[in-house]
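**Q** Take a look at this one; I'll ask things after.
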Amino acid sequence: MFGPLEFILAGVLVGFCVGITGVGGGSLMTPILISLFRIEPHIAIGTDLLYAAISKFCGSLVHAKKLNIVWPIVIWLAIGSIPASFATSWVLEHYLSQSTYYKTVLTMVLGFMLTLTGISIIFRSRIEKLFSKIRKKDQVELTTQQIAQTKRVPIVIMGIILGIFVTLSSVGAGAFGIMALVIMFPNLPMIRIIGSDVVHAVLLTFVAGLSHMSAGNVDFHLLMWLLVGSIPAIIIGTLISSRLPEKIIRKVLGITLFALGVNFIIHPVKAKPIETSSITQTISAEKTTTK
C-alpha cells in the first residue's frame with residue numbers, strides 16, 4: 001500500500017522539524033509510522049530507535065568538536081540507561097512478546113512519553129527561564145567538576161528511567177532528557193546540557209535499537225528510505241531555521257505530540273482477536289491429518 005516515496009516524505013517531514021526545532025525526531029517518527037502507515041508498534045519502535053541513533057550521530061560529532069559535552073553526565077547516565085535498556089529488552093522478548101497485551105503496553109507507554117514530551121516542548125522556554133534565575137556563572141566550572149562526585153545517584157536513576165521508557169517507546173531521549181538535565185543542573189550552560197543529552201541519546205538509542213533488531217523488530221527497508229528523506233531535510237531545516245518562526249513551530253509540534261500521546265493512551269493498539277472460523281478450520285484440518 002505504501003512505497004518508498006511515502007516513507008521518504010515522512011523522513012523529510014520529521015527531518016525538517018528536527019532541523020528547525022532541534023527536537024521531534026523519535027517522538028514524531030514513531031506515531032507517524034503507527035498511525036499513518038499502520039506499521040506494528042514493535043516494528044515502528046525498533047526501526048525508529050536505529051533511525052534516531054543514526055540521525056543524531058552527526059549532531060553529536062558537532063557538539064564533541066565544540067567541546068559542548070560534559071562527559072561525567074554522559075557516562076553516569078549511560079551506566080544507568082544501558083543496563084536498564086538491556087533488561088527491558090529481555091523482559092519484552094521473553095515475557096511480553098507473546099502476550100495479547102504486548103501492543104497495548106507499548107502504545108500506552110508511547111502515549112505517556114509523548115504527552116510528557118509535548119508538555120516539555122510547549123513549556124520549555126518557561127522552564128528554562130525559571131531555572132536561569134538561579135544560575136550562577138561563578139559556579140558553572142565548579143559544578144562541572146563536581147558532577148561525578150556529588151550527583152552520581154540522581155544521574156544514574158535518571159539514566160535508568162530513560163533506559164526503560166526509551167526502549168519501550170523510542171521517545172524521551174531528546175526533549176524529556178534535556179528538561180530533566182535542566183532541572184538537575186541549573187548552573188550548567190544550556191549548550192552543554194544539549195550536547196551531553198545528544199551524545200547520551202545516540203548511545204541509548206543505538207543499544208536499544210540493537211536489542212530490538214536482535215528480536216526482529218527492525219525493518220531495514222523502511223529505515224533506509226526514512227534516512228534518505230530525513231538527512232537532507234535536517235541539513236536544510238538547520239540552515240533556514242533562523243528565518244522561520246521557531247517558537248510557533250515548536251508550540252505546534254508540542255501540542256501535536258501531546259494530542260497524539262493522549263490518543264494512544266485512550267485508544268491503544270490492540271492485538272487482533274483470533275477469529276472463531278479460523279480456529280474451527282485449524283481443528284478440522286488437524287482431525288483430517290490424524291485420520
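Ordered as shown in the C-alpha cells, chains take letters A, B, and onward, while each chain numbers its residues from 1 and ligands are numbered from 1 in the order shown.
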Write out as a PyMOL selection string all residues of region 8-177 of chain A that DSSP puts in helix (DSSP H, G or I) for this structure's backbone.

**A** chain A and resi 8-21+25-36+41-65+71-96+102-122+124-132+137-150+152-169+175-177

**Q** Can you write out the residues you just picked, keeping C-alpha atoms, as a compact mmCIF listing (two decimals), in the first residue's frame?

**A**
# COMPACT_ATOMS: atom_id res chain seq x y z
CA ILE A 8 10.91 9.36 2.07
CA LEU A 9 8.31 12.13 2.50
CA ALA A 10 7.80 11.07 6.13
CA GLY A 11 11.56 11.29 6.63
CA VAL A 12 11.58 14.75 5.05
CA LEU A 13 8.81 15.97 7.36
CA VAL A 14 10.46 14.66 10.52
CA GLY A 15 13.95 15.74 9.45
CA PHE A 16 12.72 19.24 8.69
CA CYS A 17 11.12 19.54 12.14
CA VAL A 18 14.33 18.31 13.77
CA GLY A 19 16.42 20.77 11.78
CA ILE A 20 14.24 23.74 12.75
CA THR A 21 13.43 22.97 16.38
CA GLY A 25 12.84 13.00 15.80
CA GLY A 26 11.85 9.89 17.71
CA SER A 27 8.78 11.48 19.26
CA LEU A 28 7.32 12.34 15.85
CA MET A 29 8.51 9.43 13.71
CA THR A 30 7.04 6.57 15.77
CA PRO A 31 3.46 7.97 15.88
CA ILE A 32 3.61 8.64 12.13
CA LEU A 33 4.67 5.06 11.42
CA ILE A 34 1.94 3.64 13.66
CA SER A 35 -0.95 6.00 12.90
CA LEU A 36 -0.36 6.86 9.25
CA PRO A 41 4.12 -0.80 17.20
CA HIS A 42 7.11 -3.03 17.98
CA ILE A 43 8.43 -2.66 14.40
CA ALA A 44 7.89 1.10 14.43
CA ILE A 45 9.66 1.49 17.78
CA GLY A 46 12.60 -0.76 16.88
CA THR A 47 13.12 0.90 13.49
CA ASP A 48 12.80 4.38 14.95
CA LEU A 49 15.42 3.68 17.62
CA LEU A 50 18.08 2.92 14.99
CA TYR A 51 16.82 5.85 12.92
CA ALA A 52 17.31 8.17 15.90
CA ALA A 53 20.79 6.81 16.64
CA ILE A 54 21.98 7.35 13.06
CA SER A 55 20.32 10.75 12.55
CA LYS A 56 21.64 12.16 15.85
CA PHE A 57 25.18 10.85 15.37
CA CYS A 58 26.24 13.76 13.16
CA GLY A 59 24.92 16.23 15.72
CA SER A 60 26.91 14.53 18.46
CA LEU A 61 30.12 14.94 16.41
CA VAL A 62 29.48 18.68 16.11
CA HIS A 63 28.94 19.01 19.87
CA ALA A 64 32.09 16.98 20.56
CA LYS A 65 34.14 19.19 18.24
CA TRP A 71 31.36 13.57 29.87
CA PRO A 72 30.62 12.74 33.55
CA ILE A 73 26.91 13.32 32.81
CA VAL A 74 27.05 11.11 29.71
CA ILE A 75 28.96 8.33 31.49
CA TRP A 76 26.74 8.19 34.57
CA LEU A 77 23.57 8.42 32.50
CA ALA A 78 24.84 5.52 30.38
CA ILE A 79 25.73 3.48 33.49
CA GLY A 80 22.06 3.64 34.41
CA SER A 81 20.41 3.59 30.98
CA ILE A 82 22.35 0.88 29.10
CA PRO A 83 21.75 -1.95 31.63
CA ALA A 84 18.14 -0.77 32.04
CA SER A 85 17.68 -0.91 28.25
CA PHE A 86 19.08 -4.46 28.06
CA ALA A 87 16.87 -5.58 30.97
CA THR A 88 13.77 -4.00 29.41
CA SER A 89 14.50 -5.63 26.05
CA TRP A 90 14.96 -9.01 27.75
CA VAL A 91 11.61 -8.70 29.54
CA LEU A 92 9.92 -7.64 26.30
CA GLU A 93 11.32 -10.56 24.32
CA HIS A 94 10.85 -13.31 26.90
CA TYR A 95 7.62 -12.29 28.64
CA LEU A 96 5.60 -9.65 26.79
CA TYR A 102 2.06 -6.63 24.04
CA LYS A 103 0.91 -3.94 21.58
CA THR A 104 -1.33 -2.33 24.17
CA VAL A 105 1.53 -1.93 26.66
CA LEU A 106 3.87 -0.48 24.01
CA THR A 107 1.35 2.04 22.68
CA MET A 108 0.22 3.16 26.15
CA VAL A 109 3.83 3.74 27.23
CA LEU A 110 4.38 5.55 23.93
CA GLY A 111 1.33 7.73 24.64
CA PHE A 112 2.58 8.53 28.14
CA MET A 113 6.02 9.56 26.88
CA LEU A 114 4.52 11.61 24.03
CA THR A 115 2.37 13.61 26.46
CA LEU A 116 5.39 14.30 28.68
CA THR A 117 7.50 15.26 25.67
CA GLY A 118 4.75 17.51 24.33
CA ILE A 119 4.44 19.30 27.68
CA SER A 120 8.22 19.72 27.95
CA ILE A 121 8.37 21.20 24.43
CA ILE A 122 5.44 23.59 24.99
CA ARG A 124 10.47 24.55 27.60
CA SER A 125 11.12 28.30 27.44
CA ARG A 126 9.29 28.91 30.72
CA ILE A 127 11.19 26.10 32.43
CA GLU A 128 14.49 27.45 31.13
CA LYS A 129 13.64 30.98 32.33
CA LEU A 130 12.66 29.65 35.74
CA PHE A 131 15.95 27.84 36.25
CA SER A 132 18.03 30.56 34.57
CA LYS A 137 28.05 31.99 36.46
CA ASP A 138 30.79 31.79 39.05
CA GLN A 139 29.68 28.26 39.97
CA VAL A 140 29.47 26.81 36.46
CA GLU A 141 33.00 25.41 36.34
CA LEU A 142 32.81 24.15 39.91
CA THR A 143 29.53 22.36 39.20
CA THR A 144 31.00 20.71 36.12
CA GLN A 145 33.99 19.40 38.04
CA GLN A 146 31.89 18.08 40.91
CA ILE A 147 29.21 16.31 38.88
CA ALA A 148 30.86 12.88 39.12
CA GLN A 149 31.19 13.16 42.91
CA THR A 150 28.05 14.98 44.06
CA ARG A 152 26.07 10.27 40.74
CA VAL A 153 22.94 8.70 42.19
CA PRO A 154 20.41 11.16 40.66
CA ILE A 155 22.11 10.89 37.25
CA VAL A 156 22.12 7.07 37.34
CA ILE A 157 18.46 6.99 38.43
CA MET A 158 17.54 9.32 35.57
CA GLY A 159 19.52 7.07 33.23
CA ILE A 160 17.57 4.02 34.41
CA ILE A 161 14.25 5.82 33.84
CA LEU A 162 15.30 6.92 30.36
CA GLY A 163 16.65 3.44 29.53
CA ILE A 164 13.35 1.79 30.38
CA PHE A 165 10.99 4.24 28.71
CA VAL A 166 13.10 4.93 25.61
CA THR A 167 13.44 1.20 24.96
CA LEU A 168 9.68 0.75 25.36
CA SER A 169 8.62 3.74 23.30
CA ALA A 175 13.26 16.78 24.82
CA PHE A 176 12.38 14.94 28.04
CA GLY A 177 16.04 14.17 28.76
